[in-house]
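Asks: Next up, coords-v5.txt (compact mmCIF, C-alpha atoms (C1' of nucleotides)).
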# COMPACT_ATOMS: atom_id res chain seq x y z
CA MET A 1 13.94 115.77 64.68
CA PHE A 2 14.48 118.66 67.09
CA LEU A 3 15.81 121.80 65.39
CA GLY A 4 16.24 125.44 66.31
CA ARG A 5 16.63 127.63 69.32
CA PHE A 6 13.89 129.20 71.46
CA ALA A 7 13.84 131.65 74.36
CA HIS A 8 11.07 130.65 76.78
CA THR A 9 10.34 131.36 80.41
CA ILE A 10 9.81 129.02 83.33
CA ASP A 11 6.97 130.34 85.44
CA ALA A 12 6.69 130.44 89.22
CA LYS A 13 5.22 126.93 89.23
CA GLY A 14 8.19 125.42 87.41
CA ARG A 15 6.40 124.98 84.10
CA LEU A 16 8.14 125.38 80.75
CA THR A 17 6.30 125.87 77.47
CA ILE A 18 7.56 123.49 74.77
CA PRO A 19 7.88 125.03 71.28
CA VAL A 20 4.99 124.04 69.05
CA ARG A 21 7.36 122.39 66.58
CA PHE A 22 8.56 119.98 69.27
CA ARG A 23 5.20 118.99 70.71
CA ALA A 24 4.13 116.32 68.24
CA ALA A 25 7.40 114.43 68.79
CA ILE A 26 6.86 114.18 72.56
CA SER A 27 3.09 113.87 72.62
CA GLY A 28 3.56 110.24 73.61
CA GLY A 29 5.57 111.26 76.65
CA ALA A 30 9.15 112.35 77.20
CA TYR A 31 11.96 111.94 79.70
CA VAL A 32 13.95 114.77 81.24
CA THR A 33 17.43 114.00 82.57
CA GLN A 34 20.45 116.00 83.66
CA GLY A 35 22.80 116.73 80.78
CA PHE A 36 26.55 116.41 80.39
CA ASP A 37 26.86 120.17 80.73
CA ARG A 38 24.93 122.51 83.07
CA ASN A 39 21.73 121.75 81.21
CA LEU A 40 18.86 119.30 80.99
CA LEU A 41 18.17 116.83 78.18
CA VAL A 42 14.73 115.86 76.94
CA TYR A 43 14.33 112.55 75.12
CA THR A 44 11.33 111.05 73.40
CA SER A 45 10.16 107.77 74.91
CA GLU A 46 11.70 105.85 72.01
CA THR A 47 15.11 107.50 72.26
CA PHE A 48 15.20 107.14 76.03
CA GLN A 49 14.30 103.47 75.64
CA ARG A 50 17.38 102.94 73.49
CA VAL A 51 19.59 104.57 76.13
CA VAL A 52 18.07 102.31 78.77
CA GLU A 53 18.64 99.20 76.70
CA ARG A 54 22.27 100.05 76.20
CA ALA A 55 22.72 100.75 79.90
CA ALA A 56 21.07 97.45 80.78
CA ARG A 57 23.93 95.53 79.17
CA LEU A 58 26.38 96.95 81.72
CA THR A 59 27.12 95.09 84.92
CA ALA A 60 26.25 96.69 88.26
CA THR A 61 29.23 95.11 90.06
CA ASN A 62 31.36 97.93 88.62
CA PRO A 63 31.12 101.06 90.86
CA GLU A 64 31.45 103.36 87.84
CA VAL A 65 28.53 101.60 86.19
CA ARG A 66 26.47 102.13 89.31
CA ALA A 67 27.34 105.84 89.12
CA VAL A 68 26.15 105.90 85.50
CA PHE A 69 22.92 104.20 86.56
CA ARG A 70 22.34 106.88 89.19
CA VAL A 71 22.79 109.62 86.58
CA ILE A 72 20.62 108.02 83.91
CA PHE A 73 17.87 106.55 86.07
CA GLY A 74 18.16 108.67 89.18
CA SER A 75 17.92 111.96 87.34
CA ALA A 76 15.36 110.91 84.76
CA HIS A 77 11.81 112.05 85.12
CA GLU A 78 8.91 111.23 82.84
CA VAL A 79 6.92 114.30 81.83
CA GLU A 80 3.78 114.97 79.83
CA LEU A 81 2.47 118.04 78.11
CA ASP A 82 -0.35 119.81 79.87
CA THR A 83 -3.25 121.28 77.92
CA ALA A 84 -1.21 124.43 77.20
CA GLY A 85 1.79 122.52 75.82
CA ARG A 86 3.93 122.85 78.95
CA ILE A 87 5.93 120.37 81.03
CA LEU A 88 6.53 120.52 84.75
CA ILE A 89 10.20 120.25 85.67
CA GLN A 90 11.15 118.74 89.03
CA SER A 91 12.83 121.17 91.39
CA PHE A 92 16.05 119.12 91.75
CA LEU A 93 16.49 119.21 87.96
CA ARG A 94 15.86 122.96 87.88
CA GLU A 95 18.51 123.36 90.55
CA TYR A 96 21.04 121.24 88.66
CA ALA A 97 20.70 123.35 85.51
CA GLN A 98 20.34 126.57 87.53
CA LEU A 99 17.11 127.31 85.73
CA ASP A 100 15.28 130.45 86.71
CA ALA A 101 12.78 132.38 84.62
CA GLU A 102 14.88 132.94 81.50
CA SER A 103 15.53 129.67 79.69
CA THR A 104 16.76 128.68 76.26
CA ILE A 105 15.67 125.53 74.43
CA VAL A 106 18.16 124.17 71.91
CA GLY A 107 17.37 121.43 69.39
CA ALA A 108 20.00 118.69 69.04
CA GLY A 109 18.48 116.20 66.60
CA GLN A 110 17.32 113.15 68.55
CA TYR A 111 16.90 115.15 71.74
CA PHE A 112 16.81 118.77 72.87
CA GLU A 113 18.49 120.74 75.63
CA ILE A 114 17.20 123.20 78.24
CA TRP A 115 19.62 125.88 79.42
CA ASN A 116 19.65 128.80 81.79
CA THR A 117 19.84 131.60 79.22
CA GLU A 118 22.85 133.22 80.91
CA ILE A 119 24.82 129.95 80.86
CA TRP A 120 23.70 129.29 77.30
CA LYS A 121 25.13 132.62 76.15
CA GLN A 122 28.59 131.49 77.23
CA GLU A 123 28.19 128.23 75.32
CA ALA A 124 26.74 130.11 72.35
CA ALA A 125 29.87 132.25 72.13
CA SER A 126 31.80 129.08 71.37
CA VAL A 127 29.13 127.61 69.11
CA THR A 128 29.01 130.76 66.96
CA ASP A 129 32.78 131.15 66.66
CA PRO A 130 33.50 130.68 62.92
CA GLU A 131 37.07 129.49 63.40
CA LYS A 132 36.18 126.89 66.03
CA ASN A 133 33.35 125.61 63.87
CA ALA A 134 35.55 125.32 60.80
CA ARG A 135 37.93 123.15 62.82
CA ARG A 136 35.11 121.04 64.27
CA PHE A 137 33.58 120.36 60.87
CA ALA A 138 36.98 119.52 59.42
CA ASP A 139 37.80 117.18 62.32
CA PHE A 140 34.56 115.28 61.92
CA ASP A 141 34.51 115.45 58.12
CA LEU A 142 31.09 117.11 57.98
CA SER A 143 31.39 119.47 55.05
CA SER A 144 28.10 119.58 53.20
CA GLY A 145 29.61 118.16 49.96
CA MET B 1 21.49 124.43 41.29
CA PHE B 2 21.72 127.84 42.98
CA LEU B 3 23.53 130.40 40.84
CA GLY B 4 23.95 134.16 40.87
CA ARG B 5 23.85 137.08 43.24
CA PHE B 6 20.84 139.14 44.34
CA ALA B 7 20.37 142.26 46.47
CA HIS B 8 17.17 141.95 48.50
CA THR B 9 15.83 143.60 51.63
CA ILE B 10 14.70 142.08 54.90
CA ASP B 11 11.56 143.89 56.05
CA ALA B 12 10.62 144.96 59.56
CA LYS B 13 9.05 141.55 60.21
CA GLY B 14 12.23 139.66 59.40
CA ARG B 15 11.03 138.37 56.03
CA LEU B 16 13.35 137.89 53.06
CA THR B 17 12.14 137.51 49.48
CA ILE B 18 13.74 134.51 47.75
CA PRO B 19 14.75 135.09 44.10
CA VAL B 20 12.27 133.53 41.70
CA ARG B 21 14.94 131.28 40.20
CA PHE B 22 15.55 129.67 43.61
CA ARG B 23 11.95 129.09 44.59
CA ALA B 24 11.22 125.86 42.75
CA ALA B 25 14.23 124.16 44.35
CA ILE B 26 13.01 124.89 47.89
CA SER B 27 9.28 124.61 47.33
CA GLY B 28 9.38 121.36 49.29
CA GLY B 29 10.85 123.12 52.31
CA ALA B 30 14.30 124.37 53.17
CA TYR B 31 16.60 124.64 56.17
CA VAL B 32 18.37 127.81 57.25
CA THR B 33 21.49 127.41 59.40
CA GLN B 34 24.37 129.57 60.52
CA GLY B 35 27.26 129.55 58.03
CA PHE B 36 30.99 129.19 58.53
CA ASP B 37 31.45 132.90 58.04
CA ARG B 38 29.17 135.68 59.31
CA ASN B 39 26.40 134.51 57.01
CA LEU B 40 23.50 132.07 56.81
CA LEU B 41 23.21 128.97 54.64
CA VAL B 42 20.01 127.70 53.06
CA TYR B 43 19.83 124.02 52.16
CA THR B 44 17.17 122.05 50.35
CA SER B 45 15.63 119.26 52.42
CA GLU B 46 17.66 116.66 50.52
CA THR B 47 21.01 118.39 51.04
CA PHE B 48 20.33 119.06 54.70
CA GLN B 49 19.36 115.42 55.16
CA ARG B 50 22.80 114.33 53.97
CA VAL B 51 24.50 116.56 56.56
CA VAL B 52 22.23 115.19 59.27
CA GLU B 53 22.98 111.58 58.36
CA ARG B 54 26.69 112.14 58.67
CA ALA B 55 26.30 113.94 62.00
CA ALA B 56 24.05 111.18 63.34
CA ARG B 57 26.98 108.75 63.36
CA LEU B 58 28.79 110.79 66.03
CA THR B 59 28.40 110.09 69.73
CA ALA B 60 27.24 112.82 72.12
CA THR B 61 29.58 111.79 74.94
CA ASN B 62 32.32 113.83 73.23
CA PRO B 63 32.01 117.53 74.19
CA GLU B 64 33.10 118.69 70.74
CA VAL B 65 30.41 116.51 69.17
CA ARG B 66 27.84 118.17 71.37
CA ALA B 67 29.08 121.54 70.13
CA VAL B 68 28.71 120.29 66.54
CA PHE B 69 25.15 119.17 67.30
CA ARG B 70 24.39 122.63 68.67
CA VAL B 71 25.66 124.18 65.46
CA ILE B 72 23.94 121.82 63.03
CA PHE B 73 20.67 121.17 64.86
CA GLY B 74 20.50 124.08 67.26
CA SER B 75 21.02 126.69 64.59
CA ALA B 76 18.89 125.03 61.92
CA HIS B 77 15.41 126.21 61.25
CA GLU B 78 12.96 124.74 58.79
CA VAL B 79 11.33 127.44 56.67
CA GLU B 80 8.65 127.55 54.01
CA LEU B 81 7.89 130.11 51.36
CA ASP B 82 4.89 132.32 52.06
CA THR B 83 2.46 133.19 49.30
CA ALA B 84 4.75 136.04 48.18
CA GLY B 85 7.85 133.85 47.92
CA ARG B 86 9.41 134.97 51.20
CA ILE B 87 10.85 133.14 54.20
CA LEU B 88 10.80 134.26 57.82
CA ILE B 89 14.24 134.25 59.42
CA GLN B 90 14.43 133.68 63.18
CA SER B 91 15.83 136.63 65.12
CA PHE B 92 18.81 134.72 66.57
CA LEU B 93 19.93 133.84 63.04
CA ARG B 94 19.53 137.43 61.89
CA GLU B 95 21.69 138.49 64.82
CA TYR B 96 24.39 135.95 64.04
CA ALA B 97 24.71 137.14 60.44
CA GLN B 98 24.18 140.77 61.47
CA LEU B 99 21.36 141.04 58.96
CA ASP B 100 19.54 144.33 58.79
CA ALA B 101 17.55 145.65 55.85
CA GLU B 102 20.21 145.37 53.13
CA SER B 103 20.99 141.74 52.35
CA THR B 104 22.75 139.88 49.58
CA ILE B 105 21.83 136.39 48.43
CA VAL B 106 24.65 134.41 46.84
CA GLY B 107 24.20 131.12 44.98
CA ALA B 108 26.69 128.39 45.92
CA GLY B 109 25.63 125.33 43.94
CA GLN B 110 23.97 122.87 46.33
CA TYR B 111 23.00 125.64 48.70
CA PHE B 112 22.91 129.44 48.83
CA GLU B 113 24.14 132.06 51.28
CA ILE B 114 22.56 135.12 52.89
CA TRP B 115 24.87 137.99 53.80
CA ASN B 116 24.64 141.41 55.33
CA THR B 117 25.42 143.47 52.22
CA GLU B 118 28.16 145.44 53.97
CA ILE B 119 29.93 142.27 55.10
CA TRP B 120 29.41 140.74 51.67
CA LYS B 121 31.17 143.65 50.00
CA GLN B 122 34.32 142.90 51.95
CA GLU B 123 34.11 139.25 50.92
CA ALA B 124 33.30 140.29 47.35
CA ALA B 125 36.48 142.35 47.22
CA SER B 126 38.32 139.07 47.52
CA VAL B 127 36.03 137.15 45.15
CA THR B 128 36.39 139.74 42.39
CA ASP B 129 40.18 139.96 42.59
CA PRO B 130 41.34 138.34 39.32
CA GLU B 131 44.74 137.30 40.67
CA LYS B 132 43.35 135.63 43.78
CA ASN B 133 40.75 133.80 41.71
CA ALA B 134 43.34 132.56 39.24
CA ARG B 135 45.32 131.12 42.13
CA ARG B 136 42.21 129.50 43.67
CA PHE B 137 41.22 127.86 40.41
CA ALA B 138 44.77 126.63 39.95
CA ASP B 139 44.97 125.27 43.50
CA PHE B 140 41.76 123.30 43.12
CA ASP B 141 42.29 122.25 39.51
CA LEU B 142 39.06 123.84 38.28
CA SER B 143 40.00 125.14 34.85
CA SER B 144 37.37 124.15 32.31
CA GLY B 145 39.79 122.39 29.94
C1' DG C 1 -0.63 151.93 27.11
C1' DC C 2 -1.75 147.54 29.21
C1' DA C 3 -1.12 143.07 31.32
C1' DC C 4 1.89 140.55 33.96
C1' DT C 5 5.75 139.39 37.07
C1' DT C 6 8.64 140.42 40.91
C1' DG C 7 9.88 142.57 45.05
C1' DT C 8 8.23 145.23 49.10
C1' DG C 9 5.17 147.01 52.81
C1' DG C 10 1.36 146.68 55.90
C1' DG C 11 -3.30 145.09 58.10
C1' DT C 12 -5.43 141.39 60.59
C1' DG C 13 -7.32 136.94 62.71
C1' DG C 14 -5.87 133.15 65.03
C1' DG C 15 -2.44 130.62 67.27
C1' DA C 16 1.45 130.45 70.56
C1' DG C 17 3.48 131.74 74.90
C1' DT C 18 2.63 133.44 79.57
C1' DG C 19 0.50 134.16 84.11
C1' DG C 20 -2.78 133.16 87.57
C1' DG C 21 -7.06 131.20 90.02
C1' DG C 22 -8.80 127.16 91.84
C1' DA C 23 -10.15 122.15 92.37
C1' DG C 24 -8.41 117.80 93.38
C1' DA C 25 -4.63 114.66 94.81
C1' DT C 26 -0.87 113.66 97.90
C1' DG C 27 1.83 113.74 102.04
C1' DT C 28 2.63 114.89 106.91
C1' DG C 29 1.76 115.62 111.71
C1' DG C 30 -1.22 115.42 115.33
C1' DC D 1 -9.60 110.43 111.08
C1' DC D 2 -8.86 115.34 110.47
C1' DA D 3 -6.26 119.76 109.58
C1' DC D 4 -3.01 121.74 106.95
C1' DA D 5 0.56 122.57 103.50
C1' DT D 6 2.17 121.37 99.10
C1' DC D 7 1.96 119.79 94.59
C1' DT D 8 -0.22 118.90 90.13
C1' DC D 9 -3.28 119.74 86.64
C1' DC D 10 -7.33 121.92 84.83
C1' DC D 11 -9.37 126.16 83.00
C1' DC D 12 -9.41 130.98 81.54
C1' DA D 13 -7.53 135.63 80.26
C1' DC D 14 -4.16 138.44 78.21
C1' DT D 15 -0.39 139.81 75.00
C1' DC D 16 2.23 139.31 71.03
C1' DC D 17 3.82 137.25 66.91
C1' DC D 18 3.17 134.96 62.55
C1' DA D 19 0.75 133.16 58.40
C1' DC D 20 -2.34 134.77 55.38
C1' DC D 21 -4.28 138.39 52.81
C1' DC D 22 -4.20 142.53 49.93
C1' DA D 23 -2.05 146.85 48.01
C1' DC D 24 1.37 149.10 45.46
C1' DA D 25 5.71 150.36 42.95
C1' DA D 26 9.02 149.14 39.50
C1' DG D 27 10.42 146.49 35.63
C1' DT D 28 9.42 143.73 31.37
C1' DG D 29 7.20 142.14 27.21
C1' DC D 30 3.52 142.57 23.90
Now that the file is in, can you turn its structure into structure tokens?

Replies:
Amino acid sequence: MFLGRFAHTIDAKGRLTIPVRFRAAISGGAYVTQGFDRNLLVYTSETFQRVVERAARLTATNPEVRAVFRVIFGSAHEVELDTAGRILIQSFLREYAQLDAESTIVGAGQYFEIWNTEIWKQEAASVTDPEKNARRFADFDLSSG
Amino acid sequence: MFLGRFAHTIDAKGRLTIPVRFRAAISGGAYVTQGFDRNLLVYTSETFQRVVERAARLTATNPEVRAVFRVIFGSAHEVELDTAGRILIQSFLREYAQLDAESTIVGAGQYFEIWNTEIWKQEAASVTDPEKNARRFADFDLSSG
DNA sequence: GCACTTGTGGGTGGGAGTGGGGAGATGTGG
DNA sequence: CCACATCTCCCCACTCCCACCCACAAGTGC
């Protein structure tokens, strides 16, 4: 499970250090894709496999399905940790998420997100708003009870 | 069960001593997350697991669900007691709860809270108001009889 | 007083994150 | 086939933080 929030830098070669606590989970390989927001998502091989299997049930005669295929498969890139615990992120993915040096890694359970730190701060303002969170937790019935 | 109220200090390294009475309950690990107010919550592994299971049923295609994931998973941090009975609190969590040296730990049954002592005092003004408490207990049908 | 517990502060070695050199692989154009 | 640029991955060096260690003050019980 991916938990927590980390401020890391992407170096001039496009490499991003993965937090130590995340490395064991993706030691068998991981997949980076574009996210639903201006961010990137990183899945373990197993989780990505489940997404692929679900997508495979859809029929490619539907143009919207083909668009989904292009997002899921066309943006996905398999990555491995180098000896220093880093991954290399393709330039087109860095461009999509507007990643420069300052990046923020956010755990999200089955996957984790990579954000440009400036863009993340805007999202964080919403995520740390007590009133909004109270409503979210009430709507989804998530009180710790 | 976590009961009582304790005034402890967070040292220059971001460490907070856990009251002795709480230590056994979290000896197997604990999770710190941002609270619903300007505070932090500390769950045992078991309690946190129940929150995670409920959240896992939601689907990430909903933007509000993604925000919930960022709160639950992105703010959570697994901590362990050091040999002196302290935990290390990540800087972004300390910022969220505005924790400086003076902190107050408040038991809340299944979990406990960490407050900036100044902010806690404002909350405590409400908690120690006999009339307000009488109304709360009446509203939630909590009289011992 | 003395032993012990609890909370607090600080030193330190090793691990984590970062940056850069350089060898090898890959692609392109001539 | 070669020359050249680019990319990828290896290794190494450096800084900084954290987990462990110890020290000490205050409180408690005998």

Asks: Counting all atoms listed in the file, what is within 7 Å of range 98-113 of chain B, bar same-chain residues fewer than 3 positions away, as a count of residues only?

Replies: 20

Asks: How many Å separate C1' of DT8 in chain C from C1' of DC24 in chain D?

Replies: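 That distance, rounded to one decimal, is 8.7 Å.
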
Asks: What are the residues of chain B lining chain A at 9 Å or less? Count all atoms listed in the file, and put the answer as a PyMOL selection string.

Replies: chain B and resi 33-38+47-48+50-52+54-56+58+61+63-78+90+92+96+110

Asks: Could you fit chain B onto chain A with a least-squares superposition over all C-alpha atoms, matched one to one in order, and give me the transformed chain as an mmCIF file with C-alpha atoms, in the coordinates of the input?

Replies:
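Output below, filename superposed.cif:
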data_model
loop_
_atom_site.group_PDB
_atom_site.id
_atom_site.type_symbol
_atom_site.label_atom_id
_atom_site.label_comp_id
_atom_site.auth_asym_id
_atom_site.auth_seq_id
_atom_site.Cartn_x
_atom_site.Cartn_y
_atom_site.Cartn_z
ATOM 1 C CA MET B 1 13.982 116.017 64.445
ATOM 2 C CA PHE B 2 14.535 118.848 66.939
ATOM 3 C CA LEU B 3 15.890 121.988 65.292
ATOM 4 C CA GLY B 4 16.305 125.616 66.283
ATOM 5 C CA ARG B 5 16.667 127.773 69.344
ATOM 6 C CA PHE B 6 13.927 129.288 71.515
ATOM 7 C CA ALA B 7 13.880 131.683 74.474
ATOM 8 C CA HIS B 8 11.137 130.658 76.901
ATOM 9 C CA THR B 9 10.433 131.321 80.559
ATOM 10 C CA ILE B 10 9.964 128.911 83.431
ATOM 11 C CA ASP B 11 7.107 130.165 85.605
ATOM 12 C CA ALA B 12 6.869 130.189 89.385
ATOM 13 C CA LYS B 13 5.459 126.650 89.347
ATOM 14 C CA GLY B 14 8.422 125.228 87.465
ATOM 15 C CA ARG B 15 6.588 124.838 84.156
ATOM 16 C CA LEU B 16 8.284 125.310 80.790
ATOM 17 C CA THR B 17 6.399 125.850 77.537
ATOM 18 C CA ILE B 18 7.633 123.525 74.776
ATOM 19 C CA PRO B 19 7.911 125.128 71.308
ATOM 20 C CA VAL B 20 5.012 124.144 69.078
ATOM 21 C CA ARG B 21 7.340 122.536 66.542
ATOM 22 C CA PHE B 22 8.605 120.097 69.195
ATOM 23 C CA ARG B 23 5.266 119.076 70.633
ATOM 24 C CA ALA B 24 4.193 116.432 68.141
ATOM 25 C CA ALA B 25 7.459 114.529 68.614
ATOM 26 C CA ILE B 26 6.953 114.203 72.381
ATOM 27 C CA SER B 27 3.186 113.881 72.475
ATOM 28 C CA GLY B 28 3.669 110.232 73.403
ATOM 29 C CA GLY B 29 5.699 111.184 76.461
ATOM 30 C CA ALA B 30 9.249 112.341 76.972
ATOM 31 C CA TYR B 31 12.090 111.912 79.443
ATOM 32 C CA VAL B 32 14.034 114.762 81.007
ATOM 33 C CA THR B 33 17.514 113.965 82.339
ATOM 34 C CA GLN B 34 20.555 115.895 83.453
ATOM 35 C CA GLY B 35 22.904 116.710 80.559
ATOM 36 C CA PHE B 36 26.660 116.433 80.232
ATOM 37 C CA ASP B 37 27.012 120.156 80.712
ATOM 38 C CA ARG B 38 25.022 122.357 83.105
ATOM 39 C CA ASN B 39 21.857 121.705 81.132
ATOM 40 C CA LEU B 40 18.976 119.256 80.812
ATOM 41 C CA LEU B 41 18.271 116.850 77.962
ATOM 42 C CA VAL B 42 14.825 115.883 76.721
ATOM 43 C CA TYR B 43 14.476 112.582 74.887
ATOM 44 C CA THR B 44 11.515 111.034 73.134
ATOM 45 C CA SER B 45 10.411 107.707 74.601
ATOM 46 C CA GLU B 46 12.034 105.836 71.710
ATOM 47 C CA THR B 47 15.419 107.541 72.052
ATOM 48 C CA PHE B 48 15.466 107.154 75.814
ATOM 49 C CA GLN B 49 14.608 103.478 75.421
ATOM 50 C CA ARG B 50 17.750 102.942 73.354
ATOM 51 C CA VAL B 51 19.921 104.475 76.094
ATOM 52 C CA VAL B 52 18.225 102.299 78.694
ATOM 53 C CA GLU B 53 18.786 99.118 76.696
ATOM 54 C CA ARG B 54 22.484 99.776 76.448
ATOM 55 C CA ALA B 55 22.750 100.580 80.158
ATOM 56 C CA ALA B 56 20.807 97.441 81.078
ATOM 57 C CA ARG B 57 23.687 95.261 79.875
ATOM 58 C CA LEU B 58 25.982 96.596 82.618
ATOM 59 C CA THR B 59 26.322 94.898 85.984
ATOM 60 C CA ALA B 60 25.648 96.808 89.210
ATOM 61 C CA THR B 61 28.494 95.182 91.144
ATOM 62 C CA ASN B 62 30.846 97.756 89.584
ATOM 63 C CA PRO B 63 30.726 101.034 91.571
ATOM 64 C CA GLU B 64 31.121 103.145 88.437
ATOM 65 C CA VAL B 65 28.178 101.329 86.857
ATOM 66 C CA ARG B 66 26.086 102.186 89.872
ATOM 67 C CA ALA B 67 27.057 105.829 89.404
ATOM 68 C CA VAL B 68 25.995 105.582 85.744
ATOM 69 C CA PHE B 69 22.652 104.104 86.817
ATOM 70 C CA ARG B 70 22.171 107.015 89.208
ATOM 71 C CA VAL B 71 22.789 109.445 86.374
ATOM 72 C CA ILE B 72 20.630 107.743 83.753
ATOM 73 C CA PHE B 73 17.781 106.442 85.910
ATOM 74 C CA GLY B 74 18.080 108.578 89.010
ATOM 75 C CA SER B 75 18.066 111.839 87.119
ATOM 76 C CA ALA B 76 15.458 110.852 84.542
ATOM 77 C CA HIS B 77 11.913 111.976 84.889
ATOM 78 C CA GLU B 78 9.031 111.097 82.622
ATOM 79 C CA VAL B 79 7.017 114.178 81.677
ATOM 80 C CA GLU B 80 3.869 114.858 79.702
ATOM 81 C CA LEU B 81 2.604 117.996 78.056
ATOM 82 C CA ASP B 82 -0.203 119.765 79.890
ATOM 83 C CA THR B 83 -3.126 121.217 77.984
ATOM 84 C CA ALA B 84 -1.101 124.385 77.289
ATOM 85 C CA GLY B 85 1.890 122.521 75.857
ATOM 86 C CA ARG B 86 4.060 122.793 78.966
ATOM 87 C CA ILE B 87 6.059 120.299 81.017
ATOM 88 C CA LEU B 88 6.715 120.390 84.748
ATOM 89 C CA ILE B 89 10.401 120.135 85.609
ATOM 90 C CA GLN B 90 11.322 118.577 88.960
ATOM 91 C CA SER B 91 13.071 120.962 91.343
ATOM 92 C CA PHE B 92 16.279 118.896 91.622
ATOM 93 C CA LEU B 93 16.689 119.070 87.842
ATOM 94 C CA ARG B 94 16.069 122.810 87.827
ATOM 95 C CA GLU B 95 18.758 123.152 90.477
ATOM 96 C CA TYR B 96 21.256 121.071 88.533
ATOM 97 C CA ALA B 97 20.867 123.209 85.410
ATOM 98 C CA GLN B 98 20.545 126.388 87.485
ATOM 99 C CA LEU B 99 17.289 127.174 85.722
ATOM 100 C CA ASP B 100 15.468 130.282 86.814
ATOM 101 C CA ALA B 101 12.941 132.239 84.782
ATOM 102 C CA GLU B 102 15.020 132.854 81.642
ATOM 103 C CA SER B 103 15.636 129.621 79.756
ATOM 104 C CA THR B 104 16.823 128.682 76.301
ATOM 105 C CA ILE B 105 15.699 125.590 74.423
ATOM 106 C CA VAL B 106 18.156 124.274 71.848
ATOM 107 C CA GLY B 107 17.355 121.593 69.268
ATOM 108 C CA ALA B 108 19.982 118.851 68.932
ATOM 109 C CA GLY B 109 18.559 116.390 66.417
ATOM 110 C CA GLN B 110 17.399 113.286 68.299
ATOM 111 C CA TYR B 111 16.908 115.251 71.481
ATOM 112 C CA PHE B 112 16.842 118.863 72.673
ATOM 113 C CA GLU B 113 18.524 120.783 75.477
ATOM 114 C CA ILE B 114 17.286 123.199 78.138
ATOM 115 C CA TRP B 115 19.727 125.837 79.357
ATOM 116 C CA ASN B 116 19.797 128.695 81.789
ATOM 117 C CA THR B 117 19.954 131.561 79.283
ATOM 118 C CA GLU B 118 22.981 133.130 80.964
ATOM 119 C CA ILE B 119 24.940 129.874 80.820
ATOM 120 C CA TRP B 120 23.762 129.306 77.261
ATOM 121 C CA LYS B 121 25.160 132.652 76.163
ATOM 122 C CA GLN B 122 28.630 131.575 77.203
ATOM 123 C CA GLU B 123 28.226 128.336 75.261
ATOM 124 C CA ALA B 124 26.734 130.260 72.336
ATOM 125 C CA ALA B 125 29.826 132.449 72.189
ATOM 126 C CA SER B 126 31.692 129.317 71.219
ATOM 127 C CA VAL B 127 28.985 127.989 68.882
ATOM 128 C CA THR B 128 28.797 131.247 66.931
ATOM 129 C CA ASP B 129 32.553 131.612 66.470
ATOM 130 C CA PRO B 130 33.054 131.006 62.723
ATOM 131 C CA GLU B 131 36.653 129.827 63.070
ATOM 132 C CA LYS B 132 35.898 127.302 65.799
ATOM 133 C CA ASN B 133 32.946 125.963 63.828
ATOM 134 C CA ALA B 134 35.005 125.584 60.672
ATOM 135 C CA ARG B 135 37.512 123.524 62.626
ATOM 136 C CA ARG B 136 34.764 121.379 64.212
ATOM 137 C CA PHE B 137 33.158 120.634 60.870
ATOM 138 C CA ALA B 138 36.551 119.771 59.431
ATOM 139 C CA ASP B 139 37.441 117.512 62.363
ATOM 140 C CA PHE B 140 34.221 115.546 62.061
ATOM 141 C CA ASP B 141 34.037 115.546 58.268
ATOM 142 C CA LEU B 142 30.627 117.231 58.154
ATOM 143 C CA SER B 143 30.879 119.462 55.106
ATOM 144 C CA SER B 144 27.805 119.056 52.930
ATOM 145 C CA GLY B 145 29.717 118.141 49.756
#

Asks: Any idea what's packed within 12 Å of DG27 in chain D, counting all atoms listed in the file, ignoring anything in its chain fewer than 6 positions away? Could you give it as a PyMOL selection string?

Replies: chain C and resi 4-7

Asks: Can you measure CA of Ala24 in chain B to CA of Ile114 in chain B for me? One decimal in Å is fine.

Replies: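 Atom-to-atom, CA of Ala24 in chain B and CA of Ile114 in chain B are spaced 17.8 Å apart.
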
Asks: For chain D, which residues have at least one atom within 12 Å of chain B, if we go by only C-alpha atoms (C1' of nucleotides)? Write them as a list in words, please.

Replies: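 Taken together, these residues fit the definition: DC17, DC18, DA19, DC20, DC21 and DC22 of chain D.
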
Asks: Using Å and a single decimal, report how far CA of Glu46 in chain B sits from CA of Arg86 in chain B.

Replies: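 Computed distance, CA of Arg86 in chain B to CA of Glu46 in chain B, equals 20.1 Å.
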
Asks: Let me know the centre plus edge lengths, in Å and rounded to one decimal, of a box with edges along x, y and z that contains all listed atoms of range 2-19 of chain D and is padded by 3 Å on every side, as AutoDock Vina command-line options.

Replies:
--center_x -2.8 --center_y 127.6 --center_z 84.4 --size_x 19.2 --size_y 30.5 --size_z 58.1

Asks: For chain C against chain A, which residues fall within 12 Å using only C-alpha atoms (C1' of nucleotides), given as a list of chain:residue names?

Replies: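 Here they are: C:DG15, C:DA16, C:DG17, C:DT18, C:DG19, C:DG20.
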
Asks: Got a sec: who's within 10 Å of DC12 in chain D, counting all atoms listed in the file, leaving out chain neighbours fewer than 2 positions off, as a list in words?

Replies: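 Here the answer would be DG20 and DG21 of chain C; DC10 and DC14 of chain D.
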
Asks: From the set A:Asn62, A:Glu53, A:Trp115, A:Ser27, which residue has the shortest atom-to-atom contact distance to Glu80 in chain A, counting all atoms listed in the file?

Replies: A:Ser27

Asks: Within 8 Å of (-0.9, 118.6, 92.9) in the file's own coordinates, which protein, DNA or RNA residues have an atom, counting all atoms listed in the file? List them as a ChimeraX atom specification.

Replies: /C:24-26 /D:6-9

Asks: Taking only C-alpha atoms (C1' of nucleotides) into account, name the residue in C:DG9, C:DG1, C:DG22, C:DG14 that is nearest to DC30 in chain D.

Replies: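 Smallest distance to DC30 in chain D is found for C:DG1.
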
Asks: Which is closer to Gln49 in chain B than all the others in B:Ala125, B:Trp120, B:Tyr31, B:Arg135, using all atoms listed in the file?

Replies: B:Tyr31
